[in-house]
$ cat data.txt   # compact mmCIF, C-alpha atoms and all ligand atoms
# COMPACT_ATOMS: atom_id res chain seq x y z
CA MET A 1 51.73 -22.59 25.82
CA GLU A 2 50.30 -26.03 26.64
CA LYS A 3 50.69 -25.45 30.39
CA TYR A 4 48.93 -22.10 30.08
CA LEU A 5 46.09 -23.56 27.98
CA LYS A 6 45.57 -26.39 30.44
CA GLU A 7 45.37 -24.02 33.39
CA LEU A 8 42.94 -21.78 31.51
CA ARG A 9 40.81 -24.79 30.59
CA ASN A 10 40.80 -26.19 34.14
CA ARG A 11 39.75 -22.84 35.62
CA HIS A 12 36.72 -22.72 33.33
CA LEU A 13 35.83 -26.40 33.69
CA LYS A 14 34.99 -25.82 37.35
CA LYS A 15 31.98 -23.82 36.15
CA ARG A 16 30.40 -26.77 34.31
CA LYS A 17 27.04 -27.96 35.61
CA GLU A 18 25.55 -31.45 35.68
CA LYS A 19 22.73 -31.94 33.19
CA ASN A 20 20.38 -34.83 32.44
CA PRO A 21 22.68 -37.50 30.90
CA ASP A 22 19.77 -38.98 28.91
CA ARG A 23 19.14 -35.74 27.01
CA PRO A 24 21.33 -34.45 24.17
CA ILE A 25 22.89 -30.98 24.37
CA ALA A 26 20.73 -29.79 21.49
CA THR A 27 18.80 -31.03 18.49
CA TRP A 28 17.17 -29.31 15.53
CA VAL A 29 15.94 -29.83 11.97
CA GLN A 30 17.01 -27.59 9.11
CA ASP A 31 17.14 -27.37 5.32
CA ASP A 32 20.36 -28.83 3.97
CA ILE A 33 22.31 -29.69 0.87
CA PHE A 34 23.37 -33.30 0.23
CA ARG A 35 26.59 -34.49 -1.33
CA ASP A 36 24.88 -35.00 -4.70
CA LYS A 37 23.81 -31.31 -4.47
CA THR A 38 20.11 -32.07 -4.01
CA ASN A 39 18.32 -30.43 -1.10
CA GLY A 40 16.53 -32.01 1.82
CA LYS A 41 16.40 -31.82 5.61
CA SER A 42 18.92 -32.70 8.24
CA ILE A 43 18.28 -33.73 11.82
CA THR A 44 21.19 -32.57 13.93
CA ILE A 45 21.80 -34.16 17.32
CA ILE A 46 24.52 -32.77 19.58
CA LEU A 47 25.11 -35.71 21.88
CA ARG A 48 26.10 -35.08 25.48
CA THR A 49 29.39 -36.91 26.12
CA VAL A 50 32.34 -36.37 28.45
CA GLY A 51 33.89 -34.26 25.67
CA CYS A 52 37.07 -33.96 23.68
CA LYS A 53 39.95 -36.00 25.11
CA TYR A 54 42.53 -33.83 23.36
CA ALA A 55 41.17 -30.78 25.20
CA TYR A 56 41.43 -32.55 28.59
CA ASP A 57 44.96 -33.78 27.86
CA THR A 58 46.50 -30.67 26.31
CA GLY A 59 44.22 -27.70 26.98
CA GLY A 60 42.82 -28.07 23.44
CA CYS A 61 42.57 -25.68 20.53
CA THR A 62 42.97 -21.95 21.06
CA MET A 63 39.56 -20.98 19.63
CA CYS A 64 37.47 -23.79 21.13
CA SER A 65 35.51 -24.20 24.34
CA TYR A 66 33.22 -27.06 23.38
CA LEU A 67 34.46 -28.82 26.49
CA MET A 68 32.29 -26.41 28.49
CA ASP A 69 29.20 -28.06 26.94
CA SER A 70 30.39 -31.53 27.84
CA SER A 71 29.35 -33.49 30.87
CA PRO A 72 31.28 -33.28 34.16
CA ILE A 73 29.84 -36.70 35.08
CA LYS A 74 30.31 -40.06 33.36
CA ILE A 75 28.09 -40.71 30.35
CA THR A 76 27.41 -44.39 29.77
CA SER A 77 26.52 -46.22 26.54
CA GLU A 78 22.98 -46.45 27.83
CA ASN A 79 22.80 -42.67 28.31
CA ILE A 80 24.01 -42.05 24.76
CA ILE A 81 21.59 -44.59 23.31
CA ASN A 82 18.75 -42.94 25.26
CA GLN A 83 19.74 -39.52 23.89
CA PHE A 84 19.79 -40.83 20.32
CA ASN A 85 16.60 -42.91 20.56
CA GLY A 86 14.73 -40.03 22.23
CA VAL A 87 15.38 -37.73 19.27
CA LEU A 88 14.61 -40.38 16.65
CA ASP A 89 11.28 -41.16 18.33
CA LYS A 90 10.26 -37.53 17.74
CA TYR A 91 10.83 -37.79 13.98
CA LYS A 92 9.98 -41.49 13.58
CA GLU A 93 6.99 -41.14 11.30
CA GLU A 94 8.61 -38.59 9.01
CA LEU A 95 11.81 -40.67 8.82
CA GLU A 96 9.95 -43.89 8.03
CA ASN A 97 7.82 -42.29 5.32
CA ASN A 98 10.43 -40.11 3.72
CA SER A 99 13.84 -41.43 4.75
CA LYS A 100 15.66 -40.39 1.58
CA ASN A 101 14.78 -36.75 2.25
CA TYR A 102 16.84 -36.83 5.45
CA SER A 103 20.37 -36.65 6.66
CA ILE A 104 21.25 -37.41 10.29
CA LYS A 105 24.06 -35.39 11.79
CA LEU A 106 25.55 -36.70 14.99
CA PHE A 107 27.93 -34.36 16.68
CA THR A 108 29.56 -34.44 20.10
CA SER A 109 31.68 -31.82 21.78
CA GLY A 110 34.67 -33.68 20.33
CA SER A 111 35.10 -36.89 18.33
CA PHE A 112 32.19 -39.27 17.73
CA LEU A 113 34.63 -42.05 16.80
CA ASP A 114 36.59 -41.84 20.07
CA GLU A 115 35.52 -44.60 22.47
CA PHE A 116 36.39 -42.31 25.37
CA GLU A 117 33.34 -40.27 24.31
CA VAL A 118 31.09 -42.79 22.58
CA PRO A 119 31.63 -46.36 23.81
CA ASN A 120 31.74 -49.05 21.16
CA ASP A 121 28.31 -50.57 21.87
CA ALA A 122 26.63 -47.15 21.64
CA MET A 123 28.44 -46.48 18.35
CA GLU A 124 27.33 -49.85 17.05
CA HIS A 125 23.69 -49.29 18.09
CA ILE A 126 23.63 -45.89 16.38
CA PHE A 127 25.19 -47.08 13.11
CA LYS A 128 22.88 -50.11 13.01
CA THR A 129 19.77 -47.98 13.54
CA ILE A 130 20.83 -45.49 10.87
CA GLY A 131 21.57 -48.34 8.45
CA GLU A 132 18.08 -49.74 9.00
CA LEU A 133 16.44 -46.34 8.61
CA ASN A 134 18.06 -46.08 5.17
CA VAL A 135 18.37 -42.30 5.28
CA LYS A 136 20.09 -40.32 2.53
CA GLU A 137 23.16 -39.30 4.50
CA VAL A 138 24.85 -39.53 7.84
CA ALA A 139 27.41 -37.07 9.14
CA ILE A 140 29.64 -37.35 12.18
CA GLU A 141 32.70 -35.41 13.37
CA SER A 142 36.04 -36.72 14.49
CA ARG A 143 39.71 -35.91 14.91
CA PRO A 144 41.73 -37.79 12.24
CA GLU A 145 43.44 -40.20 14.65
CA TYR A 146 40.14 -42.05 15.15
CA ILE A 147 39.55 -42.55 11.41
CA THR A 148 41.03 -46.03 11.24
CA ASN A 149 40.31 -49.25 9.33
CA GLU A 150 38.51 -50.52 12.45
CA THR A 151 36.14 -47.55 12.81
CA MET A 152 35.48 -47.41 9.04
CA GLU A 153 34.72 -51.15 9.02
CA LEU A 154 32.29 -50.67 11.90
CA ILE A 155 30.47 -47.98 9.92
CA ARG A 156 30.27 -50.00 6.72
CA LYS A 157 29.28 -53.16 8.59
CA HIS A 158 25.96 -51.46 9.35
CA ILE A 159 25.58 -48.69 6.78
CA ASN A 160 25.65 -49.77 3.15
CA ASN A 161 27.28 -47.77 0.37
CA ASP A 162 23.93 -46.36 -0.80
CA ILE A 163 23.97 -44.13 2.26
CA ASN A 164 26.45 -41.30 1.96
CA VAL A 165 28.62 -41.13 5.07
CA GLU A 166 30.76 -38.09 5.77
CA ILE A 167 33.08 -37.27 8.62
CA GLY A 168 33.69 -33.63 9.47
CA VAL A 169 37.33 -33.14 10.41
CA GLY A 170 38.67 -29.93 11.92
CA ILE A 171 41.52 -29.62 9.44
CA GLU A 172 41.38 -25.82 9.91
CA THR A 173 44.27 -25.03 7.50
CA ALA A 174 46.83 -26.69 5.25
CA ASN A 175 49.60 -24.76 6.97
CA GLU A 176 51.10 -26.87 9.77
CA GLU A 177 52.59 -23.88 11.58
CA ILE A 178 49.24 -22.13 11.73
CA ARG A 179 47.46 -25.37 12.64
CA ASN A 180 49.78 -26.40 15.41
CA ILE A 181 51.07 -23.09 16.76
CA SER A 182 48.25 -20.57 16.25
CA ILE A 183 45.47 -23.10 16.75
CA HIS A 184 47.33 -25.67 18.89
CA LYS A 185 45.53 -28.45 17.04
CA GLY A 186 48.12 -31.19 17.52
CA ILE A 187 47.50 -32.66 14.04
CA SER A 188 50.07 -33.01 11.26
CA ASN A 189 49.39 -32.86 7.51
CA LYS A 190 50.36 -36.54 7.40
CA ASP A 191 47.64 -37.41 9.96
CA ILE A 192 45.11 -35.73 7.68
CA GLU A 193 46.37 -37.37 4.50
CA ASP A 194 46.20 -40.79 6.20
CA ALA A 195 42.64 -40.12 7.41
CA ILE A 196 41.49 -39.08 3.93
CA THR A 197 43.07 -42.20 2.36
CA THR A 198 41.57 -44.52 4.97
CA ALA A 199 38.09 -42.99 4.75
CA ASN A 200 38.10 -43.03 0.93
CA LYS A 201 38.92 -46.76 0.98
CA TYR A 202 35.50 -47.28 2.57
CA ALA A 203 33.72 -44.72 0.38
CA VAL A 204 33.41 -42.43 3.38
CA GLY A 205 33.74 -38.73 2.59
CA ILE A 206 35.72 -36.18 4.55
CA LYS A 207 34.15 -32.79 5.12
CA ALA A 208 37.04 -30.40 5.70
CA TYR A 209 36.24 -27.77 8.30
CA LEU A 210 38.50 -24.80 7.60
CA LEU A 211 38.81 -22.03 10.16
CA ILE A 212 38.61 -18.52 8.75
CA LYS A 213 40.97 -16.39 10.79
CA PRO A 214 43.03 -18.31 13.30
CA PRO A 215 44.65 -16.10 15.98
CA PHE A 216 48.13 -14.55 15.64
CA ILE A 217 47.84 -13.88 11.89
CA THR A 218 46.45 -10.87 10.06
CA GLU A 219 43.15 -10.64 8.18
CA LYS A 220 45.00 -10.72 4.83
CA GLN A 221 47.10 -13.74 5.82
CA ALA A 222 43.94 -15.49 7.03
CA MET A 223 42.23 -14.84 3.71
CA GLU A 224 45.13 -16.24 1.70
CA ASP A 225 45.49 -19.18 4.05
CA SER A 226 41.83 -20.20 3.72
CA ILE A 227 41.92 -19.98 -0.08
CA ASN A 228 45.12 -22.06 -0.34
CA SER A 229 43.91 -24.61 2.19
CA ALA A 230 40.59 -25.17 0.45
CA ASN A 231 42.21 -25.59 -2.96
CA LYS A 232 44.74 -28.05 -1.54
CA TYR A 233 42.21 -30.27 0.22
CA ILE A 234 39.83 -30.25 -2.76
CA GLU A 235 42.73 -31.56 -4.81
CA MET A 236 43.34 -34.23 -2.19
CA GLY A 237 39.79 -35.51 -2.58
CA VAL A 238 37.74 -34.28 0.38
CA SER A 239 34.00 -34.57 -0.24
CA ARG A 240 33.23 -30.97 0.72
CA ILE A 241 34.67 -27.85 2.28
CA SER A 242 32.91 -26.19 5.16
CA PHE A 243 34.34 -22.81 6.10
CA CYS A 244 33.98 -21.83 9.73
CA PRO A 245 34.42 -18.08 10.24
CA SER A 246 35.81 -17.89 13.76
CA SER A 247 33.72 -16.79 16.70
CA ILE A 248 34.78 -15.96 20.23
CA HIS A 249 34.09 -18.89 22.57
CA LYS A 250 33.89 -18.15 26.28
CA GLY A 251 36.97 -19.42 28.14
CA SER A 252 39.18 -19.81 25.05
CA LEU A 253 42.59 -18.26 24.48
CA VAL A 254 41.11 -16.39 21.53
CA GLU A 255 38.66 -14.75 23.94
CA LEU A 256 41.59 -13.42 26.01
CA LEU A 257 43.21 -11.95 22.88
CA TRP A 258 39.90 -10.45 21.79
CA LYS A 259 39.38 -8.83 25.18
CA LYS A 260 42.85 -7.27 24.91
CA ASN A 261 41.96 -5.98 21.43
CA GLN A 262 44.57 -8.18 19.80
CA TYR A 263 42.10 -10.22 17.81
CA ARG A 264 38.98 -9.60 15.81
CA PRO A 265 36.78 -12.26 14.11
CA PRO A 266 36.91 -12.00 10.31
CA PHE A 267 35.12 -9.37 8.29
CA LEU A 268 32.25 -10.75 6.24
CA TRP A 269 33.96 -9.18 3.22
CA THR A 270 36.88 -11.53 3.85
CA VAL A 271 34.51 -14.50 4.03
CA ILE A 272 32.84 -13.50 0.76
CA GLU A 273 36.21 -13.03 -0.95
CA ILE A 274 37.33 -16.52 0.12
CA LEU A 275 34.12 -18.13 -1.12
CA LYS A 276 34.31 -16.27 -4.42
CA GLU A 277 37.89 -17.36 -5.04
CA VAL A 278 37.44 -20.99 -4.05
CA LYS A 279 34.02 -21.60 -5.62
CA SER A 280 34.90 -19.97 -8.94
CA LYS A 281 38.03 -22.13 -9.15
CA ASN A 282 36.09 -25.27 -8.20
CA PRO A 283 32.54 -24.73 -9.50
CA ASP A 284 31.53 -28.40 -9.17
CA LYS A 285 32.65 -28.80 -5.58
CA LEU A 286 30.53 -28.28 -2.49
CA ILE A 287 31.89 -25.22 -0.73
CA MET A 288 29.83 -24.32 2.31
CA CYS A 289 29.97 -21.66 4.98
CA ASP A 290 28.80 -21.83 8.57
CA THR A 291 26.90 -18.71 9.63
CA SER A 292 26.68 -19.24 13.38
CA GLY A 293 27.78 -16.25 15.42
CA ILE A 294 27.32 -13.86 12.48
CA PRO A 295 27.00 -10.88 12.87
CA SER A 296 27.43 -10.38 16.64
CA ASN A 297 30.66 -8.77 17.80
CA ARG A 298 31.75 -12.28 18.91
CA GLY A 299 31.21 -13.63 15.38
CA ALA A 300 32.28 -12.62 11.88
CA HIS A 301 31.04 -9.11 11.12
CA ASN A 302 31.75 -6.05 9.03
CA LYS A 303 31.54 -2.65 10.69
CA ILE A 304 29.47 -3.26 13.79
CA ASP A 305 25.89 -2.04 13.33
CA CYS A 306 26.26 -1.69 9.57
CA GLU A 307 23.07 -2.93 7.99
CA CYS A 308 24.92 -5.10 5.45
CA ASN A 309 25.77 -7.62 8.22
CA TYR A 310 22.31 -9.19 8.33
CA LYS A 311 21.90 -9.10 4.59
CA ILE A 312 25.20 -10.95 4.14
CA LYS A 313 24.38 -13.53 6.82
CA GLU A 314 21.19 -14.40 4.96
CA ALA A 315 22.94 -14.45 1.59
CA LEU A 316 25.66 -16.77 2.93
CA GLY A 317 23.01 -19.20 4.19
CA ASP A 318 21.24 -19.13 0.82
CA TYR A 319 24.53 -19.55 -1.04
CA THR A 320 25.40 -22.65 1.02
CA LEU A 321 22.07 -24.29 0.21
CA THR A 322 22.08 -23.45 -3.49
CA GLN A 323 25.83 -23.15 -4.26
CA ASP A 324 24.87 -20.16 -6.38
CA LEU A 325 27.75 -17.71 -6.17
CA SER A 326 25.74 -14.86 -7.70
CA LEU A 327 23.88 -14.57 -4.37
CA ILE A 328 26.99 -13.23 -2.66
CA GLU A 329 29.30 -11.89 -5.31
CA ASN A 330 27.45 -8.69 -6.10
CA ILE A 331 26.76 -7.49 -2.55
CA ASP A 332 28.20 -4.06 -1.87
CA CYS A 333 28.21 -1.53 0.95
CA GLU A 334 30.04 1.65 1.93
CA CYS A 335 31.83 -0.21 4.74
CA LYS A 336 33.85 -2.19 2.22
CA THR A 337 36.31 0.71 2.10
CA TYR A 338 36.81 0.44 5.87
CA TRP A 339 37.66 -3.28 5.42
CA ALA A 340 40.21 -2.49 2.71
CA GLU A 341 41.79 0.23 4.88
CA PHE A 342 41.84 -2.06 7.93
CA MET A 343 43.74 -4.73 6.00
CA LYS A 344 46.23 -2.24 4.61
CA TYR A 345 46.89 -0.73 8.02
CA GLU A 346 47.15 -4.12 9.75
CA GLU A 347 49.77 -5.29 7.26
CA LYS A 348 51.91 -2.21 8.01
CA ASN A 349 51.39 -2.73 11.70
CA ILE A 350 52.62 -6.37 11.47
CA VAL A 351 50.68 -7.50 14.58
CA PRO A 352 47.00 -8.44 14.29
CA LEU A 353 44.52 -5.75 15.29
CA GLY A 354 41.39 -5.88 17.40
CA ASP A 355 38.07 -4.20 16.78
CA TYR A 356 38.47 -0.54 17.68
CA GLU A 357 34.78 0.15 17.37
CA ARG A 358 33.92 -2.23 20.15
S1 LIG B 401 38.35 -27.88 18.15
FE1 LIG B 401 37.91 -30.08 18.25
S2 LIG B 401 39.89 -31.02 18.73
FE2 LIG B 401 40.09 -28.86 19.21
S3 LIG B 401 39.61 -28.76 21.41
FE3 LIG B 401 37.72 -28.31 20.27
S4 LIG B 401 36.68 -30.28 20.12
FE4 LIG B 401 38.82 -30.72 20.67
ZN ZN B 402 28.32 -2.47 5.52

$ encode --input "data.txt" --output "structure tokens"
Amino acid sequence: MEKYLKELRNRHLKKRKEKNPDRPIATWVQDDIFRDKTNGKSITIILRTVGCKYAYDTGGCTMCSYLMDSSPIKITSENIINQFNGVLDKYKEELENNSKNYSIKLFTSGSFLDEFEVPNDAMEHIFKTIGELNVKEVAIESRPEYITNETMELIRKHINNDINVEIGVGIETANEEIRNISIHKGISNKDIEDAITTANKYAVGIKAYLLIKPPFITEKQAMEDSINSANKYIEMGVSRISFCPSSIHKGSLVELLWKKNQYRPPFLWTVIEILKEVKSKNPDKLIMCDTSGIPSNRGAHNKIDCECNYKIKEALGDYTLTQDLSLIENIDCECKTYWAEFMKYEEKNIVPLGDYER
């Protein structure tokens, strides 16, 4: 499979275009929920880097094409610092006057803590600046192999314990077979346990990204897998769970399956069921849900064109910000019967089904 994934990746990478290396891929401000469950704003910066090394080396994960957003040309420390400083300049006044109302989220198309993407001096500059700004929270994303004593020490050298630091890790599932065969993640459970232990030593939280509906499993299996995975990682001490209902990325293996009608992103009913189960079992924990891609046919959706799709997207966003389960648990629609029938039929069929309405 690795050879196939690498060839697929390389074919698509030829389509990448050079962009201004001093500008981030994207940046925005939104309402957010902090680790202590208070609300505030987050400034998200998607830094332009050369992208995920794992994806270059192995073809990457089956559902991901973040590498397509990465830069085909070298990105220096200076470029990354310019990207970061440029965004901060825009919000300088607000940040200086009201720093504890803000979280800064720094994402790349891979791992922020990998020097291949973010050279050490750029990392150091960014952590130092954030430490001085004294914001409420800082969030980055990384594969677990870069969560080491060295990188955690670098963070805490500049950012004191009053600032909540969290690292989003694409754990995806607690099931190693699903993680490494269906998703081709190349990460063992032991790698994750080690990363959680190391991060916790430095009072750094781990936000567990869990994928709702990896390929090659049925809707029902995906639902059970997400519930089990969340409960397991909550027990292991992650700081929050962030569910990511899958969406179809251009150039990914999942896109090929979807085009052949052998894959469908999850139903929103499945997403709601997972949140209900996990949140009611762990009422004090932060259980969030990403709503990007919903409800297009490339993202999580119920029956296409059913009016409940938009209502549920909004309710999921509100639930994430408030953690109030009542916002999603009483939603109903006629298409719920179709979802139940789909799952029953798919189980009998053994192989995962596509979206026959498409
Ligand atoms: S999901 Fe993360 S680790 Fe996997 S290829 Fe994409 S960026 Fe790399
Ligand atoms: Zn509906």

$ closest_residue --input "data.txt" --among "A:Leu113, A:Leu286, A:Leu327, A:Ile217" --to "Ile350 of chain A" --atoms "all atoms listed in the file"
A:Ile217

$ residues_near_ligand --input "data.txt" --ligand "ligand LIG 401 (chain B)" --cutoff "10 Å" --atoms "only C-alpha atoms and all ligand atoms" --output "ChimeraX atom specification"
/A:51-67,108-111,141-144,169-172,183-187,211,252

$ residues_near_ligand --input "data.txt" --ligand "ligand ZN 402 (chain B)" --cutoff "6 Å" --atoms "only C-alpha atoms and all ligand atoms" --output "list in words"
Cys306, Glu307, Cys308, Cys333, Glu334 and Cys335 of chain A

$ residues_around --input "data.txt" --residues "Asn82 of chain A" --least-positions-apart "6" --cutoff "12 Å" --atoms "only C-alpha atoms" --output "JSON, numbers by chain"
{"A": [20, 21, 22, 23, 24, 47, 48, 75, 76, 88, 89, 122, 125, 126]}

$ closest_residue --input "data.txt" --among "A:Lys207, A:Lys3, A:Lys100, A:Lys285" --to "Lys37 of chain A" --atoms "all atoms listed in the file"
A:Lys285

$ closest_residue --input "data.txt" --among "A:Leu253, A:Met152, A:Ile45, A:Cys289" --to "Glu314 of chain A" --atoms "all atoms listed in the file"
A:Cys289

$ residues_around --input "data.txt" --residues "Ala208 of chain A" --least-positions-apart "3" --cutoff "10 Å" --atoms "all atoms listed in the file" --output "PyMOL selection string"
chain A and resi 166-173+192+196+205+211+229-230+233-234+238-244+287

$ closest_residue --input "data.txt" --among "A:Glu78, A:Lys220, A:Glu145, A:Gly131" --to "Ala340 of chain A" --atoms "all atoms listed in the file"
A:Lys220

$ closest_atom_pairs --input "data.txt" --of "segment 133-231 of chain A" --to "segment 262-269 of chain A" --cutoff "12 Å" --atoms "only C-alpha atoms" --output "Markdown table"
| residue | atom | partner | partner_atom | distance |
| --- | --- | --- | --- | --- |
| A:Leu211 | CA | A:Pro266 | CA | 10.2 |
| A:Ile212 | CA | A:Pro266 | CA | 6.9 |
| A:Lys213 | CA | A:Pro266 | CA | 6.0 |
| A:Pro214 | CA | A:Pro265 | CA | 8.7 |
| A:Pro215 | CA | A:Tyr263 | CA | 6.7 |
| A:Phe216 | CA | A:Tyr263 | CA | 7.7 |
| A:Ile217 | CA | A:Tyr263 | CA | 9.0 |
| A:Thr218 | CA | A:Tyr263 | CA | 8.9 |
| A:Glu219 | CA | A:Pro266 | CA | 6.7 |
| A:Lys220 | CA | A:Pro266 | CA | 9.9 |
| A:Gln221 | CA | A:Pro266 | CA | 11.3 |
| A:Ala222 | CA | A:Pro266 | CA | 8.5 |
| A:Met223 | CA | A:Pro266 | CA | 8.9 |
| A:Ser226 | CA | A:Pro266 | CA | 11.6 |

$ closest_residue --input "data.txt" --among "A:Glu94, A:Asp284, A:Asp318, A:Glu117" --to "Asn39 of chain A" --atoms "all atoms listed in the file"
A:Asp318

$ closest_atom_pairs --input "data.txt" --of "segment 199-262 of chain A" --to "segment 291-303 of chain A" --cutoff "7 Å" --atoms "all atoms listed in the file" --output "Markdown table"
| residue | atom | partner | partner_atom | distance |
| --- | --- | --- | --- | --- |
| A:Pro245 | CA | A:Ala300 | CA | 6.1 |
| A:Ser246 | CA | A:Gly299 | CA | 6.5 |
| A:Ser247 | CA | A:Gly299 | CA | 4.2 |
| A:Ile248 | CA | A:Arg298 | CA | 4.9 |

$ decode --input "data.txt" --residues "segment 63-77 of chain A" --atoms "N, CA, C and O atoms" --output "PDB file, in the first residue's frame"
ATOM      1  N   MET A  63      -6.545   9.583   4.529  1.00  0.00           N
ATOM      2  CA  MET A  63      -7.620  10.571   4.373  1.00  0.00           C
ATOM      3  C   MET A  63      -7.074  11.988   4.191  1.00  0.00           C
ATOM      4  O   MET A  63      -7.845  12.932   4.090  1.00  0.00           O
ATOM      5  N   CYS A  64      -5.745  12.147   4.172  1.00  0.00           N
ATOM      6  CA  CYS A  64      -5.151  13.485   4.298  1.00  0.00           C
ATOM      7  C   CYS A  64      -4.495  13.963   3.002  1.00  0.00           C
ATOM      8  O   CYS A  64      -3.788  13.205   2.343  1.00  0.00           O
ATOM      9  N   SER A  65      -4.712  15.239   2.679  1.00  0.00           N
ATOM     10  CA  SER A  65      -3.909  15.813   1.597  1.00  0.00           C
ATOM     11  C   SER A  65      -3.425  17.203   1.975  1.00  0.00           C
ATOM     12  O   SER A  65      -3.338  18.089   1.152  1.00  0.00           O
ATOM     13  N   TYR A  66      -3.108  17.358   3.264  1.00  0.00           N
ATOM     14  CA  TYR A  66      -2.574  18.652   3.712  1.00  0.00           C
ATOM     15  C   TYR A  66      -1.289  19.018   2.977  1.00  0.00           C
ATOM     16  O   TYR A  66      -0.959  20.186   2.842  1.00  0.00           O
ATOM     17  N   LEU A  67      -0.583  17.991   2.511  1.00  0.00           N
ATOM     18  CA  LEU A  67       0.681  18.262   1.818  1.00  0.00           C
ATOM     19  C   LEU A  67       0.453  19.149   0.580  1.00  0.00           C
ATOM     20  O   LEU A  67       1.338  19.875   0.166  1.00  0.00           O
ATOM     21  N   MET A  68      -0.761  19.104   0.035  1.00  0.00           N
ATOM     22  CA  MET A  68      -1.056  19.931  -1.137  1.00  0.00           C
ATOM     23  C   MET A  68      -1.052  21.420  -0.787  1.00  0.00           C
ATOM     24  O   MET A  68      -0.861  22.257  -1.658  1.00  0.00           O
ATOM     25  N   ASP A  69      -1.273  21.747   0.484  1.00  0.00           N
ATOM     26  CA  ASP A  69      -1.247  23.161   0.913  1.00  0.00           C
ATOM     27  C   ASP A  69       0.170  23.618   1.238  1.00  0.00           C
ATOM     28  O   ASP A  69       0.409  24.801   1.439  1.00  0.00           O
ATOM     29  N   SER A  70       1.086  22.662   1.338  1.00  0.00           N
ATOM     30  CA  SER A  70       2.434  23.027   1.775  1.00  0.00           C
ATOM     31  C   SER A  70       3.231  23.622   0.620  1.00  0.00           C
ATOM     32  O   SER A  70       2.800  23.594  -0.528  1.00  0.00           O
ATOM     33  N   SER A  71       4.405  24.130   0.965  1.00  0.00           N
ATOM     34  CA  SER A  71       5.175  24.870  -0.026  1.00  0.00           C
ATOM     35  C   SER A  71       6.102  23.958  -0.846  1.00  0.00           C
ATOM     36  O   SER A  71       6.838  23.161  -0.273  1.00  0.00           O
ATOM     37  N   PRO A  72       6.096  24.101  -2.170  1.00  0.00           N
ATOM     38  CA  PRO A  72       7.039  23.312  -2.975  1.00  0.00           C
ATOM     39  C   PRO A  72       8.456  23.887  -2.908  1.00  0.00           C
ATOM     40  O   PRO A  72       9.404  23.240  -3.336  1.00  0.00           O
ATOM     41  N   ILE A  73       8.592  25.116  -2.386  1.00  0.00           N
ATOM     42  CA  ILE A  73       9.935  25.691  -2.241  1.00  0.00           C
ATOM     43  C   ILE A  73      10.307  25.770  -0.760  1.00  0.00           C
ATOM     44  O   ILE A  73       9.450  25.750   0.109  1.00  0.00           O
ATOM     45  N   LYS A  74      11.624  25.902  -0.513  1.00  0.00           N
ATOM     46  CA  LYS A  74      12.125  25.941   0.862  1.00  0.00           C
ATOM     47  C   LYS A  74      11.504  27.111   1.647  1.00  0.00           C
ATOM     48  O   LYS A  74      11.342  28.208   1.112  1.00  0.00           O
ATOM     49  N   ILE A  75      11.183  26.844   2.889  1.00  0.00           N
ATOM     50  CA  ILE A  75      10.672  27.913   3.764  1.00  0.00           C
ATOM     51  C   ILE A  75      11.685  28.072   4.894  1.00  0.00           C
ATOM     52  O   ILE A  75      11.932  27.133   5.651  1.00  0.00           O
ATOM     53  N   THR A  76      12.275  29.259   4.969  1.00  0.00           N
ATOM     54  CA  THR A  76      13.324  29.480   5.970  1.00  0.00           C
ATOM     55  C   THR A  76      12.717  29.914   7.311  1.00  0.00           C
ATOM     56  O   THR A  76      11.539  30.267   7.379  1.00  0.00           O
ATOM     57  N   SER A  77      13.591  29.944   8.348  1.00  0.00           N
ATOM     58  CA  SER A  77      13.153  30.463   9.654  1.00  0.00           C
ATOM     59  C   SER A  77      12.612  31.873   9.506  1.00  0.00           C
ATOM     60  O   SER A  77      11.594  32.231  10.094  1.00  0.00           O
TER      61      SER A  77
END
